[in-house]
>>> print(open('query_14.txt').read())   # compact mmCIF, C-alpha atoms
# COMPACT_ATOMS: atom_id res chain seq x y z
CA MET A 21 148.74 -35.77 -21.67
CA ALA A 22 148.07 -39.34 -20.52
CA ARG A 23 144.87 -40.14 -18.59
CA TRP A 24 144.31 -43.02 -16.14
CA LEU A 25 140.93 -44.68 -16.64
CA LYS A 26 141.87 -47.16 -13.92
CA GLN A 27 144.50 -46.69 -11.26
CA ALA A 28 145.92 -49.26 -8.87
CA GLU A 29 143.94 -49.46 -5.65
CA ARG A 30 147.20 -50.09 -3.87
CA ALA A 31 150.69 -48.80 -4.62
CA SER A 32 151.70 -49.80 -8.13
CA GLU A 33 155.01 -51.12 -6.85
CA LYS A 34 154.79 -53.40 -3.82
CA LYS A 35 157.88 -54.38 -1.84
CA ALA A 36 158.53 -58.08 -2.37
CA THR A 37 159.52 -58.48 1.26
CA ASP A 38 158.55 -56.71 4.46
CA ARG A 39 160.48 -56.65 7.70
CA SER A 40 158.93 -59.90 8.86
CA VAL A 41 160.06 -61.75 5.74
CA ARG A 42 163.56 -60.31 5.97
CA GLU A 43 163.91 -61.32 9.61
CA THR A 44 162.51 -64.79 8.98
CA VAL A 45 164.91 -65.39 6.12
CA GLU A 46 167.88 -64.07 8.08
CA ARG A 47 167.15 -66.39 11.02
CA THR A 48 166.55 -69.36 8.74
CA LEU A 49 169.76 -68.92 6.75
CA ALA A 50 171.74 -68.60 9.98
CA ASP A 51 170.16 -71.84 11.21
CA ILE A 52 171.07 -73.64 7.97
CA ALA A 53 174.64 -72.36 8.22
CA ASP A 54 174.83 -73.57 11.83
CA ARG A 55 173.01 -76.93 11.66
CA GLY A 56 173.12 -77.92 8.00
CA ASP A 57 171.06 -80.95 7.02
CA ALA A 58 169.18 -81.06 10.33
CA ALA A 59 167.86 -77.53 9.84
CA VAL A 60 166.96 -78.21 6.20
CA ARG A 61 165.01 -81.34 7.16
CA GLU A 62 163.09 -79.57 9.93
CA LEU A 63 162.11 -76.75 7.57
CA SER A 64 160.98 -79.18 4.88
CA GLU A 65 158.87 -81.08 7.39
CA LYS A 66 157.36 -77.86 8.72
CA PHE A 67 156.49 -76.12 5.46
CA ASP A 68 156.11 -78.95 2.92
CA LYS A 69 155.30 -81.94 5.13
CA TRP A 70 158.14 -83.63 3.28
CA SER A 71 160.95 -85.65 4.87
CA PRO A 72 162.20 -88.45 2.59
CA GLU A 73 165.20 -90.58 3.39
CA SER A 74 167.15 -88.45 0.92
CA PHE A 75 166.15 -85.20 -0.76
CA LEU A 76 168.41 -86.16 -3.67
CA MET A 77 166.50 -88.12 -6.31
CA SER A 78 167.91 -91.47 -7.38
CA ASP A 79 167.83 -92.70 -10.96
CA ALA A 80 164.91 -94.95 -9.99
CA ASP A 81 163.04 -92.00 -8.49
CA LYS A 82 163.51 -90.01 -11.69
CA GLN A 83 162.39 -92.85 -13.91
CA ALA A 84 159.27 -93.35 -11.81
CA CYS A 85 158.30 -89.76 -12.50
CA LEU A 86 159.03 -90.04 -16.20
CA ASP A 87 156.87 -93.16 -16.36
CA GLN A 88 153.87 -91.17 -15.09
CA LEU A 89 153.87 -88.90 -18.14
CA SER A 90 152.36 -89.70 -21.51
CA ASP A 91 154.34 -89.75 -24.74
CA ARG A 92 152.59 -86.50 -25.71
CA ASP A 93 153.69 -84.88 -22.44
CA LEU A 94 157.29 -85.90 -22.99
CA LYS A 95 157.27 -84.77 -26.62
CA ASP A 96 155.85 -81.38 -25.64
CA ILE A 97 158.58 -80.94 -23.03
CA GLU A 98 161.16 -82.02 -25.60
CA PHE A 99 159.80 -79.49 -28.12
CA ALA A 100 160.00 -76.64 -25.62
CA GLN A 101 163.51 -77.60 -24.56
CA THR A 102 164.68 -77.81 -28.15
CA GLN A 103 163.59 -74.21 -28.71
CA VAL A 104 165.24 -72.97 -25.52
CA ARG A 105 168.45 -74.86 -26.27
CA ARG A 106 168.57 -73.62 -29.86
CA PHE A 107 168.31 -69.96 -28.87
CA ALA A 108 170.76 -70.41 -25.99
CA GLN A 109 173.28 -71.93 -28.40
CA ILE A 110 172.86 -69.00 -30.76
CA GLN A 111 173.50 -66.65 -27.85
CA ARG A 112 176.59 -68.61 -26.80
CA GLU A 113 178.00 -68.49 -30.30
CA SER A 114 177.64 -64.70 -30.29
CA ILE A 115 179.99 -64.42 -27.28
CA GLN A 116 183.55 -64.54 -28.49
CA ASP A 117 186.94 -64.75 -26.82
CA VAL A 118 189.30 -62.01 -28.00
CA GLU A 119 193.07 -61.57 -28.23
CA VAL A 120 194.71 -58.56 -29.86
CA GLU A 121 198.14 -56.89 -30.00
CA THR A 122 197.28 -53.39 -28.83
CA LEU A 123 200.85 -52.07 -29.03
CA PRO A 124 203.96 -53.68 -30.53
CA GLY A 125 204.74 -56.55 -28.17
CA VAL A 126 201.68 -56.06 -25.94
CA VAL A 127 198.92 -58.68 -26.19
CA LEU A 128 195.58 -58.32 -24.36
CA GLY A 129 192.66 -60.69 -24.36
CA HIS A 130 189.67 -62.08 -22.57
CA LYS A 131 188.21 -65.54 -22.18
CA ASN A 132 184.60 -66.38 -21.38
CA VAL A 133 184.93 -68.94 -18.60
CA PRO A 134 181.87 -70.92 -17.43
CA ILE A 135 180.95 -70.83 -13.76
CA ASN A 136 181.74 -74.19 -12.15
CA ALA A 137 178.46 -74.87 -10.31
CA ALA A 138 174.97 -73.41 -10.65
CA GLY A 139 171.93 -73.88 -8.43
CA CYS A 140 168.59 -73.65 -10.22
CA TYR A 141 165.40 -73.14 -8.24
CA VAL A 142 162.24 -74.43 -9.93
CA PRO A 143 159.10 -73.16 -8.18
CA GLY A 144 156.29 -75.63 -7.80
CA GLY A 145 154.28 -74.99 -4.66
CA LYS A 146 151.24 -73.34 -6.24
CA TYR A 147 151.75 -74.42 -9.86
CA PRO A 148 154.31 -77.01 -11.07
CA LEU A 149 156.25 -74.57 -13.26
CA LEU A 150 158.29 -77.03 -15.30
CA ALA A 151 159.26 -74.31 -17.79
CA SER A 152 161.60 -72.82 -15.20
CA ALA A 153 163.71 -75.97 -15.47
CA HIS A 154 164.19 -75.42 -19.20
CA MET A 155 165.13 -71.79 -18.74
CA SER A 156 167.77 -72.31 -16.07
CA VAL A 157 169.24 -75.79 -16.54
CA ILE A 158 169.51 -75.75 -20.33
CA THR A 159 170.94 -72.23 -20.37
CA ALA A 160 173.58 -73.17 -17.79
CA LYS A 161 174.50 -76.35 -19.65
CA VAL A 162 174.84 -74.55 -22.99
CA ALA A 163 177.14 -72.05 -21.25
CA GLY A 164 179.34 -74.97 -20.18
CA VAL A 165 178.57 -75.15 -16.45
CA LYS A 166 179.98 -78.49 -15.23
CA ARG A 167 177.65 -79.05 -12.25
CA VAL A 168 174.02 -77.96 -12.38
CA VAL A 169 171.95 -78.57 -9.26
CA THR A 170 168.17 -78.17 -9.16
CA CYS A 171 165.74 -77.82 -6.28
CA ALA A 172 161.96 -77.95 -6.63
CA PRO A 173 159.46 -78.35 -3.79
CA PRO A 174 157.12 -81.33 -3.58
CA PHE A 175 153.73 -80.78 -5.20
CA GLN A 176 150.74 -82.17 -3.34
CA GLY A 177 152.97 -84.26 -1.12
CA LYS A 178 155.31 -85.80 -3.69
CA PRO A 179 157.73 -84.87 -6.47
CA ALA A 180 155.90 -83.25 -9.39
CA PRO A 181 156.42 -85.69 -12.30
CA ALA A 182 156.45 -82.98 -14.97
CA ILE A 183 159.01 -80.87 -13.11
CA VAL A 184 161.23 -83.89 -12.53
CA ALA A 185 160.98 -84.88 -16.19
CA ALA A 186 161.90 -81.37 -17.29
CA GLN A 187 164.93 -81.33 -15.00
CA VAL A 188 166.09 -84.75 -16.18
CA MET A 189 165.61 -83.96 -19.85
CA ALA A 190 167.34 -80.58 -19.47
CA GLY A 191 170.43 -82.31 -18.10
CA ALA A 192 170.49 -81.47 -14.38
CA ASP A 193 173.32 -83.27 -12.58
CA GLU A 194 171.69 -83.35 -9.13
CA ILE A 195 167.93 -83.08 -8.52
CA TYR A 196 166.67 -82.37 -5.01
CA VAL A 197 163.01 -82.37 -3.97
CA LEU A 198 163.34 -79.38 -1.70
CA GLY A 199 161.67 -75.99 -1.66
CA GLY A 200 161.69 -72.56 -0.07
CA ILE A 201 164.39 -70.89 1.97
CA GLN A 202 165.79 -74.29 2.87
CA ALA A 203 166.51 -75.07 -0.79
CA ILE A 204 168.14 -71.71 -1.48
CA GLY A 205 170.18 -71.86 1.72
CA ALA A 206 171.32 -75.45 1.15
CA MET A 207 172.50 -74.70 -2.39
CA ALA A 208 174.30 -71.46 -1.48
CA ILE A 209 175.71 -72.30 1.96
CA GLY A 210 176.08 -76.04 1.60
CA THR A 211 175.29 -78.79 4.07
CA GLU A 212 176.75 -82.18 4.96
CA SER A 213 174.97 -83.71 1.95
CA ILE A 214 174.72 -80.82 -0.52
CA ARG A 215 177.84 -79.16 -1.90
CA PRO A 216 177.47 -75.38 -2.35
CA VAL A 217 177.13 -73.74 -5.76
CA ASP A 218 178.58 -70.53 -7.19
CA ILE A 219 175.40 -68.91 -8.55
CA LEU A 220 171.68 -69.15 -7.80
CA VAL A 221 169.07 -68.64 -10.51
CA GLY A 222 165.34 -69.09 -10.92
CA PRO A 223 162.14 -67.41 -9.73
CA GLY A 224 160.32 -68.01 -6.47
CA ASN A 225 158.06 -66.51 -3.82
CA ALA A 226 158.92 -63.59 -1.55
CA PHE A 227 160.92 -65.81 0.82
CA VAL A 228 162.96 -67.31 -2.00
CA ALA A 229 163.61 -63.87 -3.48
CA GLU A 230 164.67 -62.48 -0.11
CA ALA A 231 166.95 -65.47 0.53
CA LYS A 232 168.69 -64.86 -2.79
CA ARG A 233 169.04 -61.17 -1.94
CA GLN A 234 170.65 -61.91 1.41
CA LEU A 235 173.01 -64.48 -0.10
CA PHE A 236 174.14 -62.25 -2.96
CA GLY A 237 177.87 -61.77 -2.60
CA ARG A 238 178.37 -65.16 -1.04
CA VAL A 239 177.12 -66.48 -4.38
CA GLY A 240 176.05 -64.81 -7.57
CA ILE A 241 172.37 -64.49 -8.43
CA ASP A 242 170.49 -63.91 -11.65
CA LEU A 243 168.11 -61.10 -10.64
CA PHE A 244 166.44 -59.39 -7.70
CA ALA A 245 162.99 -60.71 -8.56
CA GLY A 246 159.53 -59.54 -7.57
CA PRO A 247 155.98 -60.37 -8.63
CA THR A 248 155.32 -60.97 -12.33
CA GLU A 249 154.54 -57.80 -14.29
CA THR A 250 152.82 -57.37 -17.63
CA LEU A 251 152.27 -54.29 -19.78
CA VAL A 252 150.04 -54.44 -22.86
CA ILE A 253 150.62 -51.64 -25.37
CA ALA A 254 147.80 -51.55 -27.91
CA ASP A 255 145.84 -49.39 -30.30
CA GLU A 256 142.59 -49.69 -32.25
CA THR A 257 144.01 -52.43 -34.49
CA VAL A 258 143.11 -55.01 -31.79
CA ASP A 259 140.11 -55.58 -29.54
CA GLY A 260 139.36 -55.64 -25.84
CA GLU A 261 139.03 -59.40 -25.57
CA LEU A 262 142.60 -59.95 -26.80
CA CYS A 263 143.98 -57.28 -24.45
CA ALA A 264 142.00 -58.56 -21.47
CA THR A 265 143.12 -62.13 -22.10
CA ASP A 266 146.77 -61.11 -22.18
CA LEU A 267 146.42 -59.02 -19.01
CA LEU A 268 144.69 -61.73 -16.99
CA GLY A 269 146.93 -64.46 -18.37
CA GLN A 270 149.81 -62.94 -16.42
CA ALA A 271 147.81 -61.55 -13.49
CA GLU A 272 146.99 -65.13 -12.50
CA HIS A 273 150.58 -65.50 -11.26
CA GLY A 274 149.47 -63.96 -7.99
CA PRO A 275 147.37 -61.28 -6.30
CA ASP A 276 150.26 -58.79 -6.33
CA SER A 277 151.10 -59.04 -10.05
CA PRO A 278 150.72 -55.68 -11.85
CA ALA A 279 148.79 -55.82 -15.14
CA ILE A 280 148.66 -52.58 -17.13
CA LEU A 281 147.04 -51.55 -20.40
CA LEU A 282 148.63 -48.61 -22.22
CA THR A 283 146.77 -47.43 -25.31
CA THR A 284 146.04 -44.48 -27.57
CA SER A 285 142.41 -45.58 -27.95
CA GLU A 286 139.92 -44.73 -25.22
CA ALA A 287 137.37 -46.99 -26.90
CA LEU A 288 139.77 -49.92 -26.66
CA ALA A 289 140.55 -49.04 -23.04
CA ARG A 290 136.88 -49.14 -22.03
CA ASP A 291 136.26 -52.29 -24.05
CA THR A 292 139.20 -53.98 -22.31
CA ILE A 293 137.88 -53.05 -18.85
CA ARG A 294 134.52 -54.61 -19.74
CA GLU A 295 136.19 -57.75 -21.10
CA VAL A 296 138.34 -58.14 -18.01
CA GLU A 297 135.24 -58.10 -15.82
CA ARG A 298 133.53 -60.63 -18.09
CA LEU A 299 136.49 -63.00 -18.20
CA LEU A 300 136.88 -62.87 -14.43
CA THR A 301 133.45 -64.51 -14.14
CA ILE A 302 134.66 -67.61 -16.04
CA LEU A 303 138.44 -67.77 -15.47
CA PRO A 304 139.30 -70.68 -13.12
CA THR A 305 142.21 -68.68 -11.65
CA ALA A 306 140.07 -65.57 -11.12
CA ALA A 307 140.81 -65.50 -7.38
CA HIS A 308 144.42 -64.52 -8.03
CA ALA A 309 143.93 -62.68 -11.30
CA GLY A 310 140.97 -60.69 -9.99
CA ALA A 311 142.81 -59.53 -6.90
CA ALA A 312 145.81 -58.52 -9.00
CA TRP A 313 143.60 -56.57 -11.39
CA ARG A 314 141.68 -54.89 -8.56
CA ASP A 315 144.72 -53.87 -6.55
CA PHE A 316 147.46 -53.43 -9.16
CA GLY A 317 145.69 -53.12 -12.52
CA GLN A 318 145.95 -49.88 -14.48
CA VAL A 319 144.49 -48.55 -17.72
CA ILE A 320 146.32 -45.60 -19.26
CA VAL A 321 145.24 -43.64 -22.35
CA ALA A 322 148.06 -41.73 -24.05
CA ASP A 323 147.94 -39.22 -26.88
CA SER A 324 150.57 -40.77 -29.16
CA ASP A 325 152.97 -43.64 -29.71
CA GLU A 326 155.77 -41.35 -28.57
CA GLU A 327 154.01 -40.76 -25.26
CA MET A 328 153.40 -44.49 -24.87
CA VAL A 329 157.15 -45.13 -25.29
CA ALA A 330 157.95 -42.58 -22.58
CA ILE A 331 155.41 -44.08 -20.17
CA ALA A 332 156.51 -47.64 -20.95
CA ASP A 333 160.17 -46.79 -20.35
CA ASP A 334 159.24 -45.25 -17.01
CA LEU A 335 157.29 -48.38 -16.02
CA ALA A 336 160.20 -50.63 -17.13
CA SER A 337 157.92 -53.66 -17.09
CA GLU A 338 159.06 -57.27 -17.08
CA HIS A 339 156.82 -58.31 -20.00
CA VAL A 340 155.70 -55.88 -22.70
CA GLN A 341 153.10 -57.09 -25.20
CA VAL A 342 152.92 -54.71 -28.20
CA MET A 343 149.82 -54.92 -30.41
CA THR A 344 149.82 -51.77 -32.50
CA ARG A 345 149.85 -50.75 -36.12
CA ASP A 346 153.67 -50.55 -36.04
CA PRO A 347 155.13 -52.82 -33.32
CA ASP A 348 158.67 -52.29 -34.62
CA TYR A 349 158.44 -48.64 -33.59
CA PHE A 350 158.54 -49.83 -29.97
CA LEU A 351 161.38 -52.26 -30.66
CA GLN A 352 163.40 -49.40 -32.12
CA ASN A 353 162.58 -46.81 -29.48
CA MET A 354 161.96 -48.51 -26.12
CA THR A 355 164.94 -48.97 -23.81
CA ASN A 356 163.55 -50.32 -20.52
CA TYR A 357 161.86 -53.74 -20.66
CA GLY A 358 162.50 -57.36 -19.75
CA ALA A 359 161.18 -58.84 -23.00
CA LEU A 360 159.10 -57.55 -25.91
CA PHE A 361 156.33 -59.57 -27.54
CA LEU A 362 155.68 -57.92 -30.88
CA GLY A 363 152.34 -58.20 -32.64
CA PRO A 364 149.07 -59.98 -31.82
CA ARG A 365 150.28 -63.38 -33.08
CA THR A 366 152.66 -63.79 -30.13
CA ASN A 367 152.12 -63.30 -26.40
CA VAL A 368 153.85 -63.61 -23.05
CA SER A 369 152.82 -67.22 -22.46
CA TYR A 370 154.69 -68.23 -25.63
CA GLY A 371 157.85 -66.79 -24.09
CA ASP A 372 157.04 -68.24 -20.68
CA LYS A 373 156.67 -71.78 -21.95
CA VAL A 374 157.96 -72.72 -25.38
CA ILE A 375 159.20 -70.25 -27.95
CA GLY A 376 162.85 -70.20 -26.84
CA THR A 377 163.63 -66.86 -25.19
CA ASN A 378 164.26 -66.99 -21.44
CA HIS A 379 161.37 -66.27 -19.10
CA THR A 380 163.47 -65.26 -16.07
CA LEU A 381 163.25 -61.49 -16.46
CA PRO A 382 163.82 -58.29 -14.45
CA THR A 383 160.99 -56.86 -12.33
CA LYS A 384 160.54 -53.84 -10.04
CA LYS A 385 162.13 -51.52 -12.63
CA ALA A 386 165.35 -53.54 -12.76
CA ALA A 387 164.95 -53.46 -16.55
CA ARG A 388 166.49 -50.00 -16.35
CA TYR A 389 169.89 -51.64 -15.82
CA THR A 390 169.72 -55.33 -16.70
CA GLY A 391 168.17 -57.81 -19.08
CA GLY A 392 166.96 -61.27 -18.18
CA LEU A 393 168.67 -64.59 -17.61
CA TRP A 394 170.76 -65.73 -20.57
CA VAL A 395 173.86 -67.76 -21.39
CA GLY A 396 176.13 -64.83 -20.51
CA LYS A 397 174.94 -64.91 -16.88
CA PHE A 398 176.75 -68.24 -16.45
CA LEU A 399 180.00 -66.96 -17.98
CA LYS A 400 182.79 -64.91 -16.43
CA THR A 401 184.60 -62.65 -18.90
CA CYS A 402 188.16 -62.84 -17.58
CA THR A 403 191.01 -60.77 -18.99
CA TYR A 404 194.69 -61.59 -19.46
CA GLN A 405 197.79 -59.82 -20.74
CA ARG A 406 201.11 -60.85 -22.23
CA VAL A 407 204.18 -58.69 -22.97
CA LEU A 408 206.33 -60.25 -25.68
CA THR A 409 209.43 -58.04 -25.95
CA ASP A 410 211.93 -56.25 -23.72
CA GLU A 411 211.19 -53.01 -25.52
CA ALA A 412 207.45 -53.24 -24.84
CA SER A 413 207.98 -54.00 -21.14
CA ALA A 414 210.33 -51.05 -20.71
CA ARG A 415 208.00 -48.71 -22.59
CA ILE A 416 204.96 -49.63 -20.50
CA GLY A 417 207.10 -49.59 -17.36
CA GLY A 418 208.09 -45.97 -17.86
CA HIS A 419 204.49 -44.81 -18.00
CA VAL A 420 203.54 -46.93 -14.97
CA SER A 421 206.50 -45.62 -12.96
CA ARG A 422 205.54 -41.98 -13.48
CA LEU A 423 201.82 -42.54 -12.88
CA CYS A 424 202.53 -44.42 -9.65
CA ALA A 425 204.65 -41.51 -8.48
CA LEU A 426 201.64 -39.22 -8.98
CA GLU A 427 199.63 -41.52 -6.71
CA GLY A 428 202.34 -42.10 -4.14
CA PHE A 429 202.30 -45.86 -4.71
CA VAL A 430 206.04 -46.53 -4.40
CA GLY A 431 205.71 -50.33 -4.30
CA HIS A 432 203.59 -50.32 -7.44
CA GLY A 433 206.14 -48.05 -9.09
CA GLU A 434 209.00 -50.36 -8.19
CA GLN A 435 207.23 -53.23 -9.97
CA ALA A 436 207.63 -51.14 -13.11
CA ASN A 437 211.12 -49.82 -12.29
CA ILE A 438 212.69 -53.26 -11.91
CA ARG A 439 211.54 -54.17 -15.39
CA VAL A 440 212.82 -50.89 -16.83
CA ARG A 441 216.21 -51.71 -15.25
CA ARG A 442 216.26 -55.31 -16.48
CA TYR A 443 214.64 -55.00 -19.89
CA GLY A 444 215.38 -51.37 -20.76
CA GLY A 445 218.93 -51.13 -19.44
CA ARG A 446 218.24 -47.93 -17.52
CA ASN A 447 219.64 -47.11 -14.07
CA VAL A 448 216.51 -46.27 -12.09
CA PRO A 449 217.14 -45.99 -8.32
CA TYR A 450 215.04 -48.15 -6.04
CA GLY A 451 211.83 -46.28 -5.24
CA GLY A 452 212.66 -43.67 -7.86
CA THR A 453 210.83 -42.69 -11.03
CA VAL A 454 211.65 -43.25 -14.68
CA ASP A 455 212.46 -39.93 -16.37
>>> encode(input="query_14.txt", output="structure tokens")
Amino acid sequence: MARWLKQAERASEKKATDRSVRETVERTLADIADRGDAAVRELSEKFDKWSPESFLMSDADKQACLDQLSDRDLKDIEFAQTQVRRFAQIQRESIQDVEVETLPGVVLGHKNVPINAAGCYVPGGKYPLLASAHMSVITAKVAGVKRVVTCAPPFQGKPAPAIVAAQVMAGADEIYVLGGIQAIGAMAIGTESIRPVDILVGPGNAFVAEAKRQLFGRVGIDLFAGPTETLVIADETVDGELCATDLLGQAEHGPDSPAILLTTSEALARDTIREVERLLTILPTAAHAGAAWRDFGQVIVADSDEEMVAIADDLASEHVQVMTRDPDYFLQNMTNYGALFLGPRTNVSYGDKVIGTNHTLPTKKAARYTGGLWVGKFLKTCTYQRVLTDEASARIGGHVSRLCALEGFVGHGEQANIRVRRYGGRNVPYGGTVD
């Protein structure tokens, strides 16, 4: 039976939006739909103190940002993007069109058709998260999306050079320096100067997440996102310092980010608690990480690997770091997770920044029914059919005619009957049924 050495001071699952956020977003989106660019500009001035002549970056604007970065900076961005692009291409190659003759004269198939326009939000208010540009823009481009639009807020009163460079190098077609609800609304609804997109992707704060939720249906979205989550599964083969570092490394995302240790070793659990407290005295981002650990941190001691799998699947965490004697056991047996990081040599920050897998992942137990952002999210699998012979059309038509009669769908049935008459040579009365 599992024991909790530390429980969350607050509920372990916090709603990403409360009524106030929902109402604010609803009013704001309605204003953008009504007033377009004027509303977007007012919101940008209010929340970001940002009102340039144009939110769309010119080629000169982009180059000015690139010029602010060192060769090492640009090479590091290029390295990360190469890894993301390589894995995205492997994923795309795994998705095949199909066409097969299922019955004599009956051909069925599907094509994987890229979405025409994607809007990628790149958060940058608190930290300039350039990695989000790699994950969304490159993945969309590899999928074949023709028009990729990005929005990122200004950072400290101006475009963040690293974010701009990442968007440019990833291949974004339009780059807007615009953040928050106004960015999401402009991309989804459209304004006089910004053409709407077909899907919105990318992480953001509670207002961004709520805006995406409210716009879902008008456009597609990647995920219903909440605060970053991390689960460390470990045993006595590792030490408390490693576990504490991996917990706090993700807790620094914000004060509502759950960070959980799940272990079969009580000694490791207590060592990790001590190390967390020590690291919080020296970690520059301790204000966020410490609040997250205090309010949402948990330490769970289980009796076996099997029990850890059951608990982990119930938690359905976004990130799962596995540092045990047999990490592959969890790969083979876990079913609910955003991404697995197997063994002590890897960690969540590798996936967040460089290694190549996508860092836009399900939170709030959404891993029970979806994975993270990937090439397939930007593709529509669309079916088609072709009937090659008179005999095949008449054969299928007979079955359709009788099944439509069971449902009372006379018009549907007549679509089949007319083909039985024409291609099968049978005298079926109008509105009747094929014997």
>>> closest_residue(input="query_14.txt", among="A:Phe244, A:Phe227, A:Leu399, A:Thr284", to="Asn136 of chain A", atoms="all atoms listed in the file")
A:Leu399
>>> residues_around(input="query_14.txt", residues="Lys69 of chain A", least_positions_apart="6", cutoff="12 Å", atoms="only C-alpha atoms", output="MDAnalysis selection string")
chainID A and resid 61:63 173:178 197:199
>>> closest_atom_pairs(input="query_14.txt", of="segment 241-263 of chain A", to="segment 341-351 of chain A", cutoff="7 Å", atoms="all atoms listed in the file", output="CSV")
residue,atom,partner,partner_atom,distance
A:Leu251,CA,A:Gln341,CA,6.2
A:Val252,CA,A:Gln341,CA,4.7
A:Ile253,CA,A:Val342,CA,4.8
A:Ala254,CA,A:Met343,CA,4.7
A:Asp255,CA,A:Thr344,CA,5.1
A:Thr257,CA,A:Thr344,CA,6.2
A:Val258,CA,A:Met343,CA,6.9
>>> closest_residue(input="query_14.txt", among="A:Gly129, A:Arg233, A:Glu119, A:Asp93", to="Pro181 of chain A", atoms="all atoms listed in the file")
A:Asp93
>>> closest_residue(input="query_14.txt", among="A:Gly391, A:Pro223, A:Gly376, A:Pro124", to="Asn356 of chain A", atoms="all atoms listed in the file")
A:Gly391
>>> residues_near_point(input="query_14.txt", point="(207.9, -49.2, -6.3)", cutoff="8 Å", atoms="only C-alpha atoms", output="list in words")
Ser421, Cys424, Phe429, Val430, Gly431, His432, Gly433, Glu434, Gln435, Ala436, Asn437, Tyr450, Gly451 and Gly452 of chain A
>>> atom_distance(input="query_14.txt", atom1="atom CA of Gly274 of chain A", atom2="atom CA of Val340 of chain A")
17.9 Å
>>> atom_distance(input="query_14.txt", atom1="atom CA of Met155 of chain A", atom2="atom CA of Asn378 of chain A")
5.6 Å
>>> residues_around(input="query_14.txt", residues="Gly240 of chain A", least_positions_apart="4", cutoff="9 Å", atoms="only C-alpha atoms", output="PyMOL selection string")
chain A and resi 218-221+232+235-236
>>> atom_distance(input="query_14.txt", atom1="atom CA of Gln103 of chain A", atom2="atom CA of Pro247 of chain A")
25.5 Å
>>> closest_residue(input="query_14.txt", among="A:Leu49, A:Ala412, A:Leu267, A:Ala100", to="Ile209 of chain A", atoms="all atoms listed in the file")
A:Leu49
>>> residues_around(input="query_14.txt", residues="Asp259 of chain A", least_positions_apart="5", cutoff="10 Å", atoms="only C-alpha atoms", output="list in words")
Ala254, Ala264, Ala287, Leu288, Ala289, Asp291, Thr292, Glu295 and Met343 of chain A
>>> closest_residue(input="query_14.txt", among="A:Leu303, A:Ala153, A:Ala160, A:Val60", to="Ile204 of chain A", atoms="only C-alpha atoms")
A:Val60
>>> closest_residue(input="query_14.txt", among="A:Ala28, A:Met207, A:Ile110, A:Ala387", to="Arg238 of chain A", atoms="only C-alpha atoms")
A:Met207
>>> axis_aligned_box(input="query_14.txt", around="segment 290-309 of chain A", padding_each_side="6 Å", output="AutoDock Vina command-line options")
--center_x 138.9 --center_y -59.9 --center_z -15.7 --size_x 23.0 --size_y 33.5 --size_z 28.7
